[in-house]
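Q: Below is the file entry_2.txt, with compact mmCIF, C-alpha atoms.
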```
# COMPACT_ATOMS: atom_id res chain seq x y z
CA MET M 59 9.32 2.86 -9.86
CA LEU M 60 7.42 5.43 -7.78
CA ALA M 61 9.13 4.25 -4.59
CA ALA M 62 12.59 4.47 -6.15
CA ARG M 63 11.88 8.08 -7.20
CA LEU M 64 10.82 9.21 -3.74
CA PRO M 65 14.33 10.21 -2.56
CA SER M 66 14.47 12.70 -5.45
CA ILE M 67 11.72 14.85 -3.86
CA LEU M 68 13.07 14.70 -0.30
CA PRO M 69 15.30 17.47 1.12
CA ALA M 70 19.03 16.85 1.36
CA LEU M 71 20.35 15.53 4.65
CA LEU M 72 21.08 18.10 7.34
CA PRO M 73 24.68 18.05 8.66
CA ARG M 74 23.60 16.24 11.83
CA GLU M 75 21.63 13.68 9.81
CA LEU M 76 24.53 13.21 7.40
CA LEU M 77 26.80 12.41 10.34
CA GLU M 78 24.32 9.84 11.70
CA VAL M 79 23.95 8.11 8.32
CA SER M 80 27.73 8.08 7.79
CA MET M 81 28.39 6.59 11.22
CA ILE M 82 25.97 3.72 10.56
CA ALA M 83 27.55 3.05 7.17
CA SER M 84 30.99 3.10 8.79
CA VAL M 85 29.96 0.56 11.46
CA ASN M 86 28.52 -1.60 8.69
CA GLY M 87 31.71 -1.34 6.65
CA THR M 88 29.98 0.22 3.65
CA LEU M 89 31.45 3.74 3.79
CA ALA M 90 33.73 3.38 0.78
CA ASN M 91 36.86 5.56 0.94
CA GLY M 92 35.19 7.80 3.49
CA GLN M 93 32.94 9.28 0.81
CA LEU M 94 29.89 11.15 2.12
CA SER M 95 26.66 12.00 0.32
CA ASP M 96 23.77 14.25 1.34
CA ARG M 97 21.34 12.01 -0.60
CA ARG M 98 18.96 10.14 1.65
CA PRO M 99 19.44 6.33 1.85
CA PHE M 100 17.19 4.02 -0.16
CA ARG M 101 17.17 0.35 0.85
CA SER M 102 15.17 -2.36 -0.91
CA PRO M 103 15.85 -5.80 0.64
CA HIS M 104 14.57 -8.98 -1.00
CA HIS M 105 11.53 -10.60 0.59
CA SER M 106 13.67 -13.56 1.64
CA ALA M 107 15.58 -11.31 4.10
CA SER M 108 16.06 -12.84 7.55
CA MET M 109 15.34 -11.22 10.90
CA ALA M 110 19.04 -10.45 11.42
CA ALA M 111 19.28 -8.88 7.96
CA MET M 112 16.26 -6.69 8.61
CA VAL M 113 16.78 -5.46 12.19
CA GLY M 114 20.47 -6.27 12.69
CA GLY M 115 22.38 -8.98 14.47
CA GLY M 116 25.17 -11.47 13.98
CA ILE M 117 28.24 -12.03 16.10
CA ARG M 118 29.17 -8.33 16.09
CA ALA M 119 25.55 -7.09 16.17
CA ARG M 120 25.85 -5.12 12.95
CA PRO M 121 23.04 -2.79 11.84
CA GLY M 122 20.26 -4.19 9.67
CA GLU M 123 18.21 -2.73 6.84
CA VAL M 124 16.05 -0.62 9.17
CA SER M 125 19.14 1.20 10.47
CA LEU M 126 20.87 1.40 7.08
CA SER M 127 17.77 3.24 5.85
CA HIS M 128 17.94 5.73 8.76
CA ARG M 129 16.82 9.22 7.60
CA GLY M 130 15.83 7.67 4.27
CA ILE M 131 13.53 5.11 2.65
CA LEU M 132 13.02 1.42 3.42
CA PHE M 133 11.14 -0.09 0.47
CA LEU M 134 9.58 -3.53 0.88
CA ASP M 135 8.24 -4.87 -2.39
CA GLU M 136 5.92 -7.91 -2.32
CA PHE M 137 5.09 -7.00 1.27
CA PRO M 138 3.19 -10.18 2.30
CA GLU M 139 5.97 -12.40 0.94
CA PHE M 140 8.22 -11.38 3.83
CA SER M 141 8.12 -13.65 6.85
CA PRO M 142 5.36 -12.51 9.25
CA ALA M 143 7.92 -12.50 12.10
CA VAL M 144 10.25 -10.25 10.07
CA LEU M 145 7.40 -7.86 9.27
CA ASP M 146 6.29 -7.63 12.90
CA SER M 147 9.88 -6.89 13.93
CA LEU M 148 9.42 -3.52 12.20
CA ARG M 149 6.75 -2.39 14.65
CA GLN M 150 9.11 -1.27 17.40
CA PRO M 151 11.57 0.65 15.13
CA ILE M 152 8.67 2.42 13.37
CA GLU M 153 7.29 3.54 16.71
CA SER M 154 10.50 4.48 18.55
CA GLY M 155 12.88 5.39 15.72
CA GLU M 156 15.59 3.07 17.00
CA CYS M 157 16.50 -0.61 16.90
CA VAL M 158 17.74 -2.40 20.00
CA ILE M 159 19.82 -5.57 19.52
CA ALA M 160 20.23 -7.50 22.77
CA ARG M 161 22.78 -10.26 23.28
CA ALA M 162 23.76 -12.29 26.33
CA ASN M 163 26.69 -10.04 27.23
CA HIS M 164 25.96 -6.75 25.48
CA ARG M 165 23.22 -4.50 24.13
CA VAL M 166 23.47 -2.26 21.06
CA THR M 167 21.08 0.49 19.98
CA TYR M 168 21.11 1.78 16.40
CA PRO M 169 19.01 4.71 15.13
CA ALA M 170 16.23 3.68 12.73
CA ARG M 171 14.17 6.74 11.80
CA PHE M 172 13.04 5.76 8.30
CA GLN M 173 10.06 6.05 5.97
CA LEU M 174 8.51 2.68 5.21
CA ILE M 175 7.20 2.24 1.68
CA ALA M 176 5.50 -1.09 1.01
CA ALA M 177 3.88 -2.49 -2.13
CA MET M 178 1.80 -5.61 -2.59
CA ASN M 179 -0.50 -7.34 -5.04
CA PRO M 180 -4.17 -7.61 -4.05
CA CYS M 181 -3.90 -11.40 -3.83
CA ARG M 182 -1.43 -14.20 -4.54
CA CYS M 183 -2.42 -14.47 -8.19
CA GLY M 184 -2.17 -10.68 -8.49
CA MET M 185 -5.38 -10.21 -10.46
CA SER M 186 -8.09 -9.81 -7.83
CA GLY M 187 -10.57 -7.09 -8.76
CA GLU M 188 -9.37 -6.80 -12.36
CA PRO M 189 -12.21 -6.49 -14.91
CA GLY M 190 -12.87 -9.77 -16.67
CA HIS M 191 -10.78 -11.81 -14.24
CA SER M 192 -12.23 -14.43 -11.92
CA CYS M 193 -9.89 -15.94 -9.33
CA ALA M 194 -10.26 -19.71 -8.93
CA ARG M 195 -10.10 -19.38 -5.12
CA GLY M 196 -12.59 -16.53 -4.99
CA PRO M 197 -12.50 -13.80 -2.30
CA ARG M 198 -10.49 -16.06 -0.01
CA CYS M 199 -7.41 -15.62 -2.23
CA ALA M 200 -7.21 -11.90 -1.42
CA ALA M 201 -8.30 -12.29 2.22
CA ASP M 202 -5.68 -14.93 3.04
CA TYR M 203 -2.91 -13.06 1.24
CA GLN M 204 -3.62 -9.71 2.86
CA ALA M 205 -3.95 -11.36 6.28
CA ARG M 206 -0.21 -12.07 6.20
CA VAL M 207 0.25 -8.41 7.20
CA SER M 208 -0.76 -8.08 10.86
CA GLY M 209 -3.29 -5.52 12.03
CA PRO M 210 -0.86 -3.74 14.42
CA LEU M 211 1.67 -3.27 11.59
CA LEU M 212 -1.01 -2.09 9.16
CA ASP M 213 -2.19 0.38 11.80
CA ARG M 214 1.25 2.03 11.58
CA ILE M 215 0.90 2.69 7.84
CA ASP M 216 -0.48 6.19 7.33
CA LEU M 217 -1.11 6.31 3.58
CA ARG M 218 -2.79 3.46 1.74
CA VAL M 219 -3.06 4.01 -1.99
CA ASP M 220 -4.80 1.81 -4.53
CA VAL M 221 -2.84 1.63 -7.79
CA PRO M 222 -4.98 0.20 -10.61
CA ALA M 223 -3.42 -1.71 -13.48
CA VAL M 224 -2.27 0.30 -16.49
CA SER M 225 -4.01 -0.66 -19.72
CA ALA M 226 -2.32 -1.08 -23.09
CA ALA M 227 -4.18 1.99 -24.33
CA ASP M 228 -2.63 4.06 -21.54
CA LEU M 229 0.85 2.85 -22.45
CA LEU M 230 0.35 3.85 -26.10
CA ARG M 231 -0.73 7.39 -25.29
CA PRO M 232 1.83 10.24 -25.54
CA ALA M 233 3.53 11.02 -22.25
CA ALA M 234 1.59 13.64 -20.30
CA SER M 235 3.41 16.69 -19.02
CA GLY M 236 3.40 17.09 -15.25
CA GLU M 237 5.42 18.42 -12.35
CA THR M 238 9.09 17.55 -12.25
CA SER M 239 10.74 16.07 -9.16
CA ALA M 240 12.58 19.37 -8.66
CA THR M 241 9.26 21.26 -8.48
CA VAL M 242 7.76 18.84 -6.00
CA ARG M 243 10.95 18.90 -3.97
CA GLN M 244 10.70 22.68 -3.56
CA ARG M 245 7.21 22.27 -2.10
CA VAL M 246 8.42 19.53 0.25
CA GLU M 247 11.39 21.62 1.37
CA ALA M 248 9.09 24.58 2.11
CA ALA M 249 6.81 22.37 4.21
CA ARG M 250 9.80 20.87 6.04
CA ALA M 251 11.10 24.38 6.78
CA VAL M 252 7.76 25.31 8.35
CA GLN M 253 7.82 22.16 10.47
CA GLY M 254 11.42 22.83 11.51
CA GLU M 255 10.61 26.36 12.68
CA ARG M 256 7.60 25.06 14.60
CA ALA M 257 9.75 22.39 16.24
CA GLU M 258 12.36 24.94 17.35
CA ARG M 259 9.66 27.10 18.96
CA LEU M 260 8.58 24.02 20.91
CA GLY M 261 12.13 23.22 22.00
CA LEU M 262 12.40 20.11 19.81
CA PRO M 263 15.57 19.08 17.91
CA PRO M 264 16.20 20.83 14.57
CA GLY M 265 14.60 19.10 11.61
CA THR M 266 11.82 17.48 13.64
CA THR M 267 8.94 16.63 11.31
CA ASN M 268 5.24 16.22 12.07
CA ALA M 269 5.68 12.44 12.05
CA GLN M 270 8.18 12.74 14.92
CA LEU M 271 6.06 14.92 17.20
CA PRO M 272 5.92 13.61 20.79
CA THR M 273 2.50 12.36 21.85
CA HIS M 274 1.90 15.15 24.36
CA LEU M 275 2.28 17.80 21.62
CA VAL M 276 0.30 16.15 18.83
CA GLU M 277 -3.15 17.53 19.62
CA SER M 278 -1.96 21.08 20.36
CA VAL M 279 0.16 21.33 17.19
CA THR M 280 -2.25 19.57 14.86
CA ARG M 281 -5.60 20.78 16.25
CA PRO M 282 -8.06 21.19 13.34
CA ASP M 283 -10.67 23.91 13.01
CA ALA M 284 -14.25 23.34 14.18
CA ALA M 285 -15.43 21.72 10.92
CA GLY M 286 -12.34 19.50 10.73
CA GLY M 287 -12.74 18.47 14.35
CA ARG M 288 -16.36 17.44 13.80
CA LEU M 289 -15.43 15.39 10.74
CA LEU M 290 -12.63 13.64 12.63
CA ALA M 291 -14.88 12.86 15.59
CA GLU M 292 -17.58 11.42 13.33
CA ALA M 293 -15.04 9.31 11.38
CA ALA M 294 -13.36 8.05 14.57
CA GLU M 295 -16.73 6.93 15.93
CA ARG M 296 -17.84 5.28 12.70
CA MET M 297 -14.52 3.67 11.71
CA ARG M 298 -13.35 2.91 15.27
CA PHE M 299 -9.85 4.33 14.96
CA SER M 300 -7.27 3.27 17.51
CA ALA M 301 -5.53 5.98 19.55
CA ARG M 302 -2.47 5.52 17.33
CA ALA M 303 -4.53 5.92 14.15
CA PHE M 304 -6.24 9.03 15.58
CA HIS M 305 -2.91 10.75 16.23
CA ARG M 306 -1.46 9.67 12.90
CA ILE M 307 -4.44 11.12 11.03
CA LEU M 308 -3.86 14.43 12.80
CA LYS M 309 -0.17 14.38 11.82
CA VAL M 310 -0.98 13.64 8.18
CA ALA M 311 -3.62 16.39 8.14
CA ARG M 312 -1.11 18.88 9.61
CA THR M 313 1.40 17.88 6.92
CA LEU M 314 -1.19 18.34 4.16
CA ALA M 315 -1.91 21.80 5.54
CA ASP M 316 1.82 22.61 5.59
CA LEU M 317 2.19 21.50 1.97
CA ALA M 318 -0.72 23.76 1.04
CA GLY M 319 0.74 26.69 3.00
CA ALA M 320 -2.28 26.80 5.33
CA GLU M 321 -1.94 28.05 8.90
CA THR M 322 -4.86 25.99 10.21
CA VAL M 323 -5.76 22.34 9.66
CA GLY M 324 -9.11 22.49 7.86
CA ARG M 325 -11.88 20.06 7.05
CA SER M 326 -10.40 19.30 3.62
CA HIS M 327 -7.04 18.33 5.14
CA VAL M 328 -8.70 16.08 7.73
CA GLY M 329 -10.91 14.49 5.07
CA GLU M 330 -7.93 13.75 2.83
CA ALA M 331 -5.98 12.24 5.74
CA ILE M 332 -8.94 10.02 6.64
CA GLY M 333 -9.25 8.98 2.99
CA PHE M 334 -5.61 7.83 3.00
CA ARG M 335 -6.19 5.90 6.23
CA ALA M 336 -9.30 4.07 4.96
CA ALA M 337 -8.12 0.71 3.67
CA PRO M 338 -8.71 0.33 -0.10
CA GLU M 339 -9.46 -2.93 -1.76
CA ARG M 340 -5.76 -3.35 -2.45
CA LEU M 341 -3.55 -2.71 0.53
CA GLN M 342 -0.64 -0.92 -1.11
CA GLY M 343 0.70 1.55 1.41
CA ALA M 344 3.39 3.81 2.80
CA ALA M 345 4.47 4.94 6.29
```
Can you present the structure in this file as structure tokens?

A:
Amino acid sequence: MLAARLPSILPALLPRELLEVSMIASVNGTLANGQLSDRRPFRSPHHSASMAAMVGGGIRARPGEVSLSHRGILFLDEFPEFSPAVLDSLRQPIESGECVIARANHRVTYPARFQLIAAMNPCRCGMSGEPGHSCARGPRCAADYQARVSGPLLDRIDLRVDVPAVSAADLLRPAASGETSATVRQRVEAARAVQGERAERLGLPPGTTNAQLPTHLVESVTRPDAAGGRLLAEAAERMRFSARAFHRILKVARTLADLAGAETVGRSHVGEAIGFRAAPERLQGAA
């Protein structure tokens, strides 16, 4: 439910992005009556999806789910139930923002700049860690199930959030009042506007977000203050972050600062980004 609501807090597509999304839909034959929408795509393929369905292929090398979710959301529910080969095929599109389909006599490149949202149970039985529950297979049930997601793919997931089970008492309580999607969307749009202005000053394409910053600009754009830098250095040494994880933590911290309207990346932003990176007991995550 949370994943399906995410497009409601994202900014509308820019004209250039709308054209890209429409061209992919047209190639795929899914642009009904030429109708265009500025709403970002949301794709949720079943876990039985094949490699061709996910990254594209077939006789005419049509785009797959990763390209059909370009500039939008690719939601993979029951993450470990996907074929390991299909999951690992996502690594290159996540990194480069495009999907290359090579055939014997031709080569096609489709854009694939998407946000990956993945959800999974803690183990195959789905009850690991629940109070009063004892899995018959013990800790191995969770370890084997979570091992179906490779380390290199997990390293590309920036936010890992543990979602505990909702009790019956919680369901019976009156609905709590909170922020509406429209309110959150305004905050996201403001942060995106800041990132867009920063990108233009650096000579990057309009609409470039922190996640899309080129490697050579990451440290200069996302440099934390002295306290934040010390915290990051200590965490990197203790938790042995890869170079990719180090840069991704900086990008997340910069985004948290933008959402808070802060000019400088502080210790609190770095600490929160590291907290999202630290793997919880249940590996439910987003990228």

Q: Between M:Leu134, M:Val279, M:Ala177, M:Ala119, which residue has the minimum interatomic distance to M:His104, considering all atoms listed in the file?

A: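 Among the listed residues, the smallest separation from M:His104 belongs to M:Leu134.
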
Q: For M:His305, find every residue with an atom within 10 Å (counting all atoms listed in the file), except residues of its own chain fewer than 2 positions away, and show them as a PyMOL selection string.

A: chain M and resi 269+271+273+276-277+280+299-303+307-311

Q: What does the structure give for the distance between atom CA of M:Arg243 and atom CA of M:Ala170, in Å to one decimal?

A: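 For atom CA of M:Arg243 relative to atom CA of M:Ala170, the distance reads 23.2 Å.
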
Q: Please, what distance in Å, to one decimal, runs between atom CA of M:Gly324 and atom CA of M:Gly287?

A: 8.5 Å

Q: Could you tell me how far atom CA of M:Pro121 sits from atom CA of M:Ile82, in Å to one decimal place?

A: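 Value for the atom CA of M:Ile82-atom CA of M:Pro121 distance: 7.3 Å.
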
Q: Using only C-alpha atoms, which residues sit within 8 Å of M:Arg120 once same-chain residues fewer than 5 positions away are excluded, as a tab-separated table (two decimals) with C-alpha atoms, in the frame of the given file?

A:
```tsv
chain	number	residue	atom	x	y	z
M	85	VAL	CA	29.96	0.56	11.46
M	86	ASN	CA	28.52	-1.60	8.69
M	114	GLY	CA	20.47	-6.27	12.69
M	115	GLY	CA	22.38	-8.98	14.47
```

Q: Using all atoms listed in the file, pick whichever of M:Ile215, M:Ile117, M:Ala143, M:Val124 has the shortest atom-to-atom distance to M:His164.

A: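 Of M:Ile215, M:Ile117, M:Ala143, M:Val124, the one nearest M:His164, counting all atoms listed in the file, is M:Ile117.
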
Q: Find the spatial neighbours of M:Leu71, counting all atoms listed in the file, within a cut-off of 10 Å - ignore same-chain residues fewer than 5 positions away - and output them as a list in words.

A: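 In the requested form, the answer reads Leu76, Leu77, Glu78, Val79, Ser95, Asp96, Arg97, Arg98, Pro99, Arg129, Gly130 and Gly265 of chain M.
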
Q: From the list M:Glu156, M:Glu321, M:Asp220, M:Glu136, which residue is nearest M:Arg281 when using only C-alpha atoms?

A: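 Of M:Glu156, M:Glu321, M:Asp220, M:Glu136, the one nearest M:Arg281, counting only C-alpha atoms, is M:Glu321.
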
Q: Which of these, M:Gly261, M:Gly286, M:Gly333, M:Pro142, has the shortest distance to M:Ala315 once you count all atoms listed in the file?

A: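 That would be M:Gly286, the residue with the smallest distance to M:Ala315.
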
Q: Measuring between all atoms listed in the file, which one of M:Pro138, M:Pro232, M:Gly184, M:Gly196 shows the shortest distance to M:Leu212?

A: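 Smallest distance to M:Leu212 is found for M:Pro138.
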
Q: Neighbouring residues of M:Tyr203 were defined as those with any atom within 8 Å, considering all atoms listed in the file; residues of the same chain fewer than 5 positions away were excluded. Please report them as a list in words.

A: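 What passes the distance filter is Pro138, Pro180, Cys181 and Arg182 of chain M.
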
Q: Taking into account only C-alpha atoms, which residue in the set M:Leu148, M:Phe172, M:Val166, M:Cys157 is nearest to M:Arg101?

A: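 Of M:Leu148, M:Phe172, M:Val166, M:Cys157, the one nearest M:Arg101, counting only C-alpha atoms, is M:Phe172.
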
Q: Can you tell me, as a PyMOL selection string, what residues are no more than 10 Å from M:Ser154 when counting all atoms listed in the file, ignoring any on the same chain fewer than 2 positions away?

A: chain M and resi 149-152+156-157+169-171+270

Q: N, CA and C atoms for stretch 248-284 of chain M, written as a PDB file, in the frame of the given file, could you do that?

A:
```
ATOM      1  N   ALA M 248       9.785  23.464   1.456  1.00  0.00           N
ATOM      2  CA  ALA M 248       9.090  24.580   2.110  1.00  0.00           C
ATOM      3  C   ALA M 248       8.271  24.069   3.300  1.00  0.00           C
ATOM      4  N   ALA M 249       7.596  22.937   3.119  1.00  0.00           N
ATOM      5  CA  ALA M 249       6.810  22.370   4.210  1.00  0.00           C
ATOM      6  C   ALA M 249       7.717  21.910   5.346  1.00  0.00           C
ATOM      7  N   ARG M 250       8.855  21.310   5.010  1.00  0.00           N
ATOM      8  CA  ARG M 250       9.800  20.870   6.040  1.00  0.00           C
ATOM      9  C   ARG M 250      10.361  22.071   6.808  1.00  0.00           C
ATOM     10  N   ALA M 251      10.583  23.175   6.110  1.00  0.00           N
ATOM     11  CA  ALA M 251      11.100  24.380   6.780  1.00  0.00           C
ATOM     12  C   ALA M 251      10.087  24.902   7.794  1.00  0.00           C
ATOM     13  N   VAL M 252       8.819  24.889   7.430  1.00  0.00           N
ATOM     14  CA  VAL M 252       7.760  25.310   8.350  1.00  0.00           C
ATOM     15  C   VAL M 252       7.739  24.411   9.573  1.00  0.00           C
ATOM     16  N   GLN M 253       7.833  23.112   9.356  1.00  0.00           N
ATOM     17  CA  GLN M 253       7.820  22.160  10.470  1.00  0.00           C
ATOM     18  C   GLN M 253       9.053  22.334  11.356  1.00  0.00           C
ATOM     19  N   GLY M 254      10.207  22.617  10.737  1.00  0.00           N
ATOM     20  CA  GLY M 254      11.420  22.830  11.510  1.00  0.00           C
ATOM     21  C   GLY M 254      11.325  24.045  12.410  1.00  0.00           C
ATOM     22  N   GLU M 255      10.775  25.143  11.870  1.00  0.00           N
ATOM     23  CA  GLU M 255      10.610  26.360  12.680  1.00  0.00           C
ATOM     24  C   GLU M 255       9.639  26.111  13.828  1.00  0.00           C
ATOM     25  N   ARG M 256       8.569  25.373  13.552  1.00  0.00           N
ATOM     26  CA  ARG M 256       7.600  25.060  14.600  1.00  0.00           C
ATOM     27  C   ARG M 256       8.253  24.205  15.690  1.00  0.00           C
ATOM     28  N   ALA M 257       9.084  23.262  15.277  1.00  0.00           N
ATOM     29  CA  ALA M 257       9.750  22.390  16.240  1.00  0.00           C
ATOM     30  C   ALA M 257      10.701  23.180  17.131  1.00  0.00           C
ATOM     31  N   GLU M 258      11.435  24.134  16.556  1.00  0.00           N
ATOM     32  CA  GLU M 258      12.360  24.940  17.350  1.00  0.00           C
ATOM     33  C   GLU M 258      11.618  25.779  18.387  1.00  0.00           C
ATOM     34  N   ARG M 259      10.451  26.318  17.998  1.00  0.00           N
ATOM     35  CA  ARG M 259       9.660  27.100  18.960  1.00  0.00           C
ATOM     36  C   ARG M 259       9.204  26.231  20.124  1.00  0.00           C
ATOM     37  N   LEU M 260       9.030  24.937  19.869  1.00  0.00           N
ATOM     38  CA  LEU M 260       8.580  24.020  20.910  1.00  0.00           C
ATOM     39  C   LEU M 260       9.737  23.386  21.670  1.00  0.00           C
ATOM     40  N   GLY M 261      10.965  23.766  21.319  1.00  0.00           N
ATOM     41  CA  GLY M 261      12.130  23.220  22.000  1.00  0.00           C
ATOM     42  C   GLY M 261      12.520  21.829  21.544  1.00  0.00           C
ATOM     43  N   LEU M 262      12.073  21.434  20.347  1.00  0.00           N
ATOM     44  CA  LEU M 262      12.400  20.110  19.810  1.00  0.00           C
ATOM     45  C   LEU M 262      13.678  20.199  18.966  1.00  0.00           C
ATOM     46  N   PRO M 263      14.344  19.063  18.714  1.00  0.00           N
ATOM     47  CA  PRO M 263      15.570  19.080  17.910  1.00  0.00           C
ATOM     48  C   PRO M 263      15.329  19.642  16.521  1.00  0.00           C
ATOM     49  N   PRO M 264      16.338  20.291  15.923  1.00  0.00           N
ATOM     50  CA  PRO M 264      16.200  20.830  14.570  1.00  0.00           C
ATOM     51  C   PRO M 264      15.827  19.728  13.574  1.00  0.00           C
ATOM     52  N   GLY M 265      14.979  20.077  12.624  1.00  0.00           N
ATOM     53  CA  GLY M 265      14.600  19.100  11.610  1.00  0.00           C
ATOM     54  C   GLY M 265      13.489  18.159  12.012  1.00  0.00           C
ATOM     55  N   THR M 266      12.905  18.356  13.198  1.00  0.00           N
ATOM     56  CA  THR M 266      11.820  17.480  13.640  1.00  0.00           C
ATOM     57  C   THR M 266      10.609  17.666  12.727  1.00  0.00           C
ATOM     58  N   THR M 267      10.088  16.576  12.205  1.00  0.00           N
ATOM     59  CA  THR M 267       8.940  16.630  11.310  1.00  0.00           C
ATOM     60  C   THR M 267       7.654  16.343  12.086  1.00  0.00           C
ATOM     61  N   ASN M 268       6.523  16.515  11.421  1.00  0.00           N
ATOM     62  CA  ASN M 268       5.240  16.220  12.070  1.00  0.00           C
ATOM     63  C   ASN M 268       5.159  14.767  12.511  1.00  0.00           C
ATOM     64  N   ALA M 269       5.727  13.867  11.717  1.00  0.00           N
ATOM     65  CA  ALA M 269       5.680  12.440  12.050  1.00  0.00           C
ATOM     66  C   ALA M 269       6.412  12.135  13.352  1.00  0.00           C
ATOM     67  N   GLN M 270       7.360  12.988  13.729  1.00  0.00           N
ATOM     68  CA  GLN M 270       8.180  12.740  14.920  1.00  0.00           C
ATOM     69  C   GLN M 270       7.706  13.503  16.142  1.00  0.00           C
ATOM     70  N   LEU M 271       6.563  14.154  16.062  1.00  0.00           N
ATOM     71  CA  LEU M 271       6.060  14.920  17.200  1.00  0.00           C
ATOM     72  C   LEU M 271       5.803  14.009  18.395  1.00  0.00           C
ATOM     73  N   PRO M 272       6.239  14.394  19.602  1.00  0.00           N
ATOM     74  CA  PRO M 272       5.920  13.610  20.790  1.00  0.00           C
ATOM     75  C   PRO M 272       4.407  13.602  21.039  1.00  0.00           C
ATOM     76  N   THR M 273       3.939  12.547  21.664  1.00  0.00           N
ATOM     77  CA  THR M 273       2.500  12.360  21.850  1.00  0.00           C
ATOM     78  C   THR M 273       1.846  13.533  22.560  1.00  0.00           C
ATOM     79  N   HIS M 274       2.530  14.093  23.577  1.00  0.00           N
ATOM     80  CA  HIS M 274       1.900  15.150  24.360  1.00  0.00           C
ATOM     81  C   HIS M 274       1.748  16.469  23.592  1.00  0.00           C
ATOM     82  N   LEU M 275       2.388  16.576  22.411  1.00  0.00           N
ATOM     83  CA  LEU M 275       2.280  17.800  21.620  1.00  0.00           C
ATOM     84  C   LEU M 275       1.390  17.643  20.388  1.00  0.00           C
ATOM     85  N   VAL M 276       1.005  16.404  20.084  1.00  0.00           N
ATOM     86  CA  VAL M 276       0.300  16.150  18.830  1.00  0.00           C
ATOM     87  C   VAL M 276      -0.980  16.979  18.720  1.00  0.00           C
ATOM     88  N   GLU M 277      -1.841  16.890  19.724  1.00  0.00           N
ATOM     89  CA  GLU M 277      -3.150  17.530  19.620  1.00  0.00           C
ATOM     90  C   GLU M 277      -3.052  19.058  19.620  1.00  0.00           C
ATOM     91  N   SER M 278      -2.093  19.613  20.341  1.00  0.00           N
ATOM     92  CA  SER M 278      -1.960  21.080  20.360  1.00  0.00           C
ATOM     93  C   SER M 278      -1.396  21.609  19.045  1.00  0.00           C
ATOM     94  N   VAL M 279      -0.467  20.883  18.438  1.00  0.00           N
ATOM     95  CA  VAL M 279       0.160  21.330  17.190  1.00  0.00           C
ATOM     96  C   VAL M 279      -0.739  21.082  15.979  1.00  0.00           C
ATOM     97  N   THR M 280      -1.493  19.981  16.028  1.00  0.00           N
ATOM     98  CA  THR M 280      -2.250  19.570  14.860  1.00  0.00           C
ATOM     99  C   THR M 280      -3.749  19.826  15.000  1.00  0.00           C
ATOM    100  N   ARG M 281      -4.170  20.587  16.003  1.00  0.00           N
ATOM    101  CA  ARG M 281      -5.600  20.780  16.250  1.00  0.00           C
ATOM    102  C   ARG M 281      -6.301  21.363  15.031  1.00  0.00           C
ATOM    103  N   PRO M 282      -7.333  20.675  14.508  1.00  0.00           N
ATOM    104  CA  PRO M 282      -8.060  21.190  13.340  1.00  0.00           C
ATOM    105  C   PRO M 282      -9.075  22.259  13.735  1.00  0.00           C
ATOM    106  N   ASP M 283      -9.627  22.943  12.732  1.00  0.00           N
ATOM    107  CA  ASP M 283     -10.670  23.910  13.010  1.00  0.00           C
ATOM    108  C   ASP M 283     -11.962  23.180  13.391  1.00  0.00           C
ATOM    109  N   ALA M 284     -13.025  23.946  13.667  1.00  0.00           N
ATOM    110  CA  ALA M 284     -14.250  23.340  14.180  1.00  0.00           C
ATOM    111  C   ALA M 284     -14.828  22.308  13.210  1.00  0.00           C
TER     112      ALA M 284
END
```
